[in-house]
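Undergrad: What follows is query29.csv, CSV, C-alpha atoms.
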chain,number,residue,atom,x,y,z
W,1,MET,CA,139.3,137.8,70.9
W,2,THR,CA,136.3,136.7,72.8
W,3,GLY,CA,135.4,138.2,76.2
W,4,LYS,CA,136.5,136.5,79.3
W,5,SER,CA,134.3,136.1,82.3
W,6,GLN,CA,135.0,134.9,85.8
W,7,LEU,CA,132.6,133.4,88.3
W,8,SER,CA,133.1,133.8,92.0
W,9,ASN,CA,131.4,131.4,94.4
W,10,THR,CA,130.4,133.0,97.7
W,11,ASN,CA,129.9,129.7,99.4
W,12,LYS,CA,133.2,129.3,101.3
W,13,LEU,CA,132.3,125.7,102.2
W,14,ILE,CA,133.0,124.6,98.7
W,15,LYS,CA,136.7,125.1,99.2
W,16,ASN,CA,136.9,124.4,103.0
W,17,TYR,CA,134.5,121.6,103.8
W,18,LYS,CA,135.1,118.0,102.8
W,19,GLY,CA,132.4,116.7,100.5
W,20,ALA,CA,130.7,120.1,99.9
W,21,THR,CA,128.6,120.1,96.8
W,22,GLY,CA,127.0,123.5,96.9
W,23,LEU,CA,124.2,125.2,97.2
W,24,LYS,CA,123.2,128.9,97.7
W,25,THR,CA,124.2,131.9,99.8
W,26,GLY,CA,122.1,135.0,100.2
W,27,SER,CA,121.7,138.1,102.3
W,28,THR,CA,119.4,141.1,102.7
W,29,SER,CA,119.1,143.8,105.3
W,30,LEU,CA,115.9,142.2,106.6
W,31,ALA,CA,116.8,138.5,106.3
W,32,LEU,CA,120.5,139.0,107.2
W,33,TYR,CA,122.9,136.2,106.1
W,34,ASN,CA,121.4,132.9,104.8
W,35,LEU,CA,122.9,129.7,103.5
W,36,SER,CA,121.7,126.4,102.0
W,37,ALA,CA,124.7,124.1,102.1
W,38,SER,CA,124.9,120.6,100.8
W,39,ALA,CA,127.6,117.9,101.2
W,40,THR,CA,128.0,114.2,100.4
W,41,ARG,CA,130.2,111.6,102.2
W,42,HIS,CA,130.1,107.8,102.0
W,43,ASN,CA,126.8,107.8,100.0
W,44,LEU,CA,125.1,110.1,102.5
W,45,SER,CA,124.0,113.5,101.2
W,46,LEU,CA,122.9,116.2,103.7
W,47,ILE,CA,121.6,119.7,103.5
W,48,ALA,CA,122.0,122.4,106.2
W,49,VAL,CA,119.9,125.5,106.0
W,50,ILE,CA,120.9,128.6,108.0
W,51,MET,CA,118.6,131.6,108.2
W,52,LYS,CA,119.0,135.0,109.7
W,53,ALA,CA,122.6,134.6,110.8
W,54,PRO,CA,124.2,137.8,112.2
W,55,SER,CA,127.3,137.6,109.9
W,56,THR,CA,128.6,135.7,107.0
W,57,LYS,CA,131.2,134.0,109.2
W,58,VAL,CA,128.4,132.7,111.6
W,59,ARG,CA,126.3,131.2,108.7
W,60,PHE,CA,129.3,129.1,107.6
W,61,GLU,CA,130.2,128.0,111.1
W,62,GLU,CA,126.6,127.0,111.9
W,63,ALA,CA,126.3,125.1,108.6
W,64,LYS,CA,129.5,123.2,109.3
W,65,LYS,CA,128.2,122.3,112.8
W,66,LEU,CA,124.9,120.9,111.3
W,67,LEU,CA,126.7,118.9,108.6
W,68,ASP,CA,129.3,117.6,111.1
W,69,TYR,CA,126.5,116.5,113.4
W,70,GLY,CA,124.8,114.6,110.6
W,71,PHE,CA,127.9,112.9,109.3
W,72,ASN,CA,129.1,112.0,112.8
W,73,ASN,CA,125.8,110.5,113.9
W,74,PHE,CA,124.2,109.0,110.9
W,75,SER,CA,125.1,106.9,107.9
W,76,PHE,CA,123.4,105.7,104.8
W,77,GLN,CA,122.9,101.9,105.0
W,78,GLN,CA,122.6,100.3,101.5
W,79,PHE,CA,120.8,96.9,101.6
W,80,GLY,CA,120.9,96.2,97.9
W,81,LYS,CA,121.0,97.6,94.4
W,82,LYS,CA,118.4,97.6,91.7
W,83,GLY,CA,118.5,94.3,89.8
W,84,ASP,CA,120.2,92.3,92.6
W,85,THR,CA,118.9,88.7,92.6
W,86,VAL,CA,117.4,87.9,96.0
W,87,GLU,CA,115.6,84.6,95.4
W,88,ASN,CA,114.8,82.0,92.7
W,89,ILE,CA,111.2,80.9,92.9
W,90,SER,CA,109.1,78.1,91.4
W,91,ILE,CA,106.5,78.9,88.8
W,92,ASN,CA,103.5,76.7,88.3
W,93,LYS,CA,102.3,76.0,84.8
W,94,GLY,CA,105.1,77.8,83.1
W,95,VAL,CA,107.3,76.9,80.1
W,96,VAL,CA,110.2,77.1,82.7
W,97,SER,CA,109.8,76.0,86.3
W,98,ASN,CA,111.7,78.9,88.0
W,99,VAL,CA,112.4,82.6,87.7
W,100,ASP,CA,114.9,84.8,89.5
W,101,CYS,CA,113.4,87.5,91.7
W,102,ILE,CA,115.3,90.9,91.8
W,103,LEU,CA,115.1,94.2,93.6
W,104,LYS,CA,113.0,96.6,91.7
W,105,GLU,CA,114.9,99.7,93.1
W,106,ASN,CA,117.9,100.4,95.2
W,107,ALA,CA,117.2,99.6,98.8
W,108,GLY,CA,118.7,101.7,101.6
W,109,THR,CA,117.9,104.1,104.4
W,110,LEU,CA,119.3,106.7,106.8
W,111,ILE,CA,120.3,105.1,110.1
W,112,LYS,CA,121.8,106.2,113.4
W,113,LYS,CA,125.4,105.0,113.5
W,114,GLY,CA,125.8,101.9,115.7
W,115,ASN,CA,122.5,100.3,114.7
W,116,GLU,CA,123.7,98.8,111.5
W,117,LYS,CA,124.0,95.3,112.9
W,118,ASN,CA,120.5,95.4,114.5
W,119,ILE,CA,118.6,95.7,111.2
W,120,GLU,CA,116.4,92.8,110.4
W,121,GLN,CA,115.6,91.8,106.8
W,122,THR,CA,112.3,90.1,105.9
W,123,LEU,CA,111.5,88.6,102.5
W,124,THR,CA,107.9,88.1,101.7
W,125,LEU,CA,107.0,86.3,98.5
W,126,GLU,CA,103.6,85.4,97.0
W,127,GLU,CA,102.8,81.8,97.3
W,128,ASN,CA,101.9,79.4,94.4
W,129,ILE,CA,102.8,81.8,91.6
W,130,SER,CA,101.5,80.6,88.2
W,131,ALA,CA,102.4,81.6,84.7
W,132,PRO,CA,102.1,83.8,82.9
W,133,ILE,CA,104.5,86.1,84.6
W,134,LEU,CA,105.6,89.3,83.1
W,135,GLU,CA,109.1,90.7,83.4
W,136,GLY,CA,109.0,93.3,86.2
W,137,GLN,CA,105.8,91.9,87.7
W,138,LYS,CA,105.7,92.2,91.5
W,139,VAL,CA,106.1,88.8,93.2
W,140,GLY,CA,106.9,90.0,96.8
W,141,GLU,CA,108.5,92.6,99.0
W,142,MET,CA,111.7,92.9,101.1
W,143,SER,CA,111.5,95.0,104.2
W,144,PHE,CA,114.3,96.2,106.6
W,145,SER,CA,113.3,97.0,110.2
W,146,LEU,CA,114.9,98.1,113.4
W,147,ASP,CA,113.2,97.3,116.7
W,148,GLY,CA,110.0,96.4,114.9
W,149,GLU,CA,109.8,99.6,112.9
W,150,ILE,CA,110.1,99.3,109.2
W,151,LEU,CA,112.9,101.6,107.9
W,152,SER,CA,112.7,100.7,104.2
W,153,SER,CA,111.0,98.3,101.8
W,154,VAL,CA,111.4,97.5,98.2
W,155,ASP,CA,109.3,95.5,95.7
W,156,ILE,CA,110.7,92.1,94.5
W,157,VAL,CA,109.9,91.6,90.8
W,158,ALA,CA,110.4,88.8,88.2
W,159,LYS,CA,113.6,89.2,86.3
W,160,ASN,CA,112.1,87.6,83.2
W,161,SER,CA,108.8,86.8,81.7
W,162,VAL,CA,107.5,83.2,81.9
W,163,GLU,CA,104.9,82.1,79.4
W,164,LYS,CA,102.1,79.8,80.4
W,165,ILE,CA,102.6,76.3,79.2
W,166,ASN,CA,100.2,75.2,76.4
W,167,LEU,CA,99.9,72.2,74.2
W,168,PHE,CA,102.5,73.5,71.7
W,169,THR,CA,105.0,74.5,74.4
W,170,MET,CA,104.5,71.3,76.3
W,171,SER,CA,105.0,69.2,73.1
W,172,LYS,CA,108.2,71.2,72.4
W,173,LYS,CA,109.5,70.7,75.9
W,174,ILE,CA,108.8,67.0,75.8
W,175,TYR,CA,110.5,66.7,72.4
W,176,TYR,CA,113.7,68.5,73.6
W,177,SER,CA,113.8,66.5,76.8
W,178,TRP,CA,113.5,63.3,74.6
W,179,VAL,CA,116.3,64.5,72.3
W,180,ASP,CA,118.5,65.3,75.3
W,181,LEU,CA,117.8,61.9,76.7
W,182,LEU,CA,118.9,60.2,73.4
W,183,ARG,CA,122.1,62.2,73.3
W,184,SER,CA,123.2,61.0,76.8
Step by step, read the file and then write its structure as structure tokens.
TA:
Amino acid sequence: MTGKSQLSNTNKLIKNYKGATGLKTGSTSLALYNLSASATRHNLSLIAVIMKAPSTKVRFEEAKKLLDYGFNNFSFQQFGKKGDTVENISINKGVVSNVDCILKENAGTLIKKGNEKNIEQTLTLEENISAPILEGQKVGEMSFSLDGEILSSVDIVAKNSVEKINLFTMSKKIYYSWVDLLRS
């Protein structure tokens, strides 16, 4: 028979606080009672750190107050996910004339509740983009601002590579266009 072991978690928030994810309790005679508590709700993760609390009960109560304040007053505003298409742009001198532009990373930020509708989105793309374009090459930027202050920005990149047109690819393109014309 193998030995049995049992772990006990001293972080009482794990059982008693909605969204609690962990972290660490500790105490010494000099530092008193300490707690690093984490919780996640509605895509918003917060950490509360309590140091030198006079009792274990106080450290948990104060952590709850901090986390409640954060969840009651702030939210995580997601603007888009990595790979979302934001625009289709024209490409000069390419084997194809357009390429989709996508978000390079997830886009979002922490925002005070009530300001969600006041966020302005600005898309800035490079002008006169010519092939060759590499997949993942930056072609612009999208920024999100509130009252003129930029909250978050994310690079806009080409979804696919676009080769530069040359004599061979141009001949091939003309040939297929001609064949398509004959089929119609």
Undergrad: Could you tell me how far atom CA of W:Tyr176 lies from atom CA of W:Glu163, in Å and to one decimal?
TA: 17.2 Å
Undergrad: I'd like the contact shell of stretch 95-112 of chain W - 6 Å cut-off, all atoms listed in the file, skipping same-chain residues fewer than 6 positions apart - returned as a PyMOL selection string.
TA: chain W and resi 73-89+155-159+163-165
Undergrad: Just the selected residues (C-alpha atoms), exported as a PDB file, in the coordinates of the input, please.
TA:
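The resulting part_26.pdb:
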ATOM      1  CA  ASN W  73     125.800 110.500 113.900  1.00  0.00           C
ATOM      2  CA  PHE W  74     124.200 109.000 110.900  1.00  0.00           C
ATOM      3  CA  SER W  75     125.100 106.900 107.900  1.00  0.00           C
ATOM      4  CA  PHE W  76     123.400 105.700 104.800  1.00  0.00           C
ATOM      5  CA  GLN W  77     122.900 101.900 105.000  1.00  0.00           C
ATOM      6  CA  GLN W  78     122.600 100.300 101.500  1.00  0.00           C
ATOM      7  CA  PHE W  79     120.800  96.900 101.600  1.00  0.00           C
ATOM      8  CA  GLY W  80     120.900  96.200  97.900  1.00  0.00           C
ATOM      9  CA  LYS W  81     121.000  97.600  94.400  1.00  0.00           C
ATOM     10  CA  LYS W  82     118.400  97.600  91.700  1.00  0.00           C
ATOM     11  CA  GLY W  83     118.500  94.300  89.800  1.00  0.00           C
ATOM     12  CA  ASP W  84     120.200  92.300  92.600  1.00  0.00           C
ATOM     13  CA  THR W  85     118.900  88.700  92.600  1.00  0.00           C
ATOM     14  CA  VAL W  86     117.400  87.900  96.000  1.00  0.00           C
ATOM     15  CA  GLU W  87     115.600  84.600  95.400  1.00  0.00           C
ATOM     16  CA  ASN W  88     114.800  82.000  92.700  1.00  0.00           C
ATOM     17  CA  ILE W  89     111.200  80.900  92.900  1.00  0.00           C
ATOM     18  CA  ASP W 155     109.300  95.500  95.700  1.00  0.00           C
ATOM     19  CA  ILE W 156     110.700  92.100  94.500  1.00  0.00           C
ATOM     20  CA  VAL W 157     109.900  91.600  90.800  1.00  0.00           C
ATOM     21  CA  ALA W 158     110.400  88.800  88.200  1.00  0.00           C
ATOM     22  CA  LYS W 159     113.600  89.200  86.300  1.00  0.00           C
ATOM     23  CA  GLU W 163     104.900  82.100  79.400  1.00  0.00           C
ATOM     24  CA  LYS W 164     102.100  79.800  80.400  1.00  0.00           C
ATOM     25  CA  ILE W 165     102.600  76.300  79.200  1.00  0.00           C
TER      26      ILE W 165
END
Undergrad: Within 10 Å of stretch 55-70 of chain W, counting only C-alpha atoms, which residues show up once you throw out same-chain ones fewer than 2 positions away? Write them as an MDAnalysis selection string, please.
TA: chainID W and resid 10:13 16:17 20 25:27 32:40 44:53 72:75 112
Undergrad: Atom CA of W:Asn43 and atom CA of W:Asn118 are how many Å apart?
TA: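 Atom CA of W:Asn118 lies at a distance of 20.1 Å from atom CA of W:Asn43.
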Undergrad: Which polymer residues have any atom within 6 Å of an atom of stretch 123-135 of chain W, counting only C-alpha atoms, with same-chain residues fewer than 3 positions away left out, as an MDAnalysis selection string?
TA: chainID W and resid 91:94 139:142 158:164
Undergrad: Measure the distance from atom CA of W:Leu151 to atom CA of W:Lys113 in Å and round it to one decimal.
TA: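 A separation of 14.1 Å between them.
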Undergrad: Any idea what's packed within 6 Å of W:Ser143, counting all atoms listed in the file, ignoring anything in its chain fewer than 3 positions away? Could you give it as number ranges by chain?
TA: W: 121-122, 152-153
Undergrad: Could you check the closest approach to W:Glu116 for each of W:Thr21, W:Ser90, W:Ser29, W:Ser145 and tell me which residue wins, using only C-alpha atoms?
TA: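 Selected residue with least distance to W:Glu116: W:Ser145.
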Undergrad: For a cutoff of 6 Å around the file-coordinate point (133.5, 113.0, 104.1), which residues qualify once you count all atoms listed in the file? I'd like the result as a list in words.
TA: Lys18, Gly19 and Arg41 of chain W
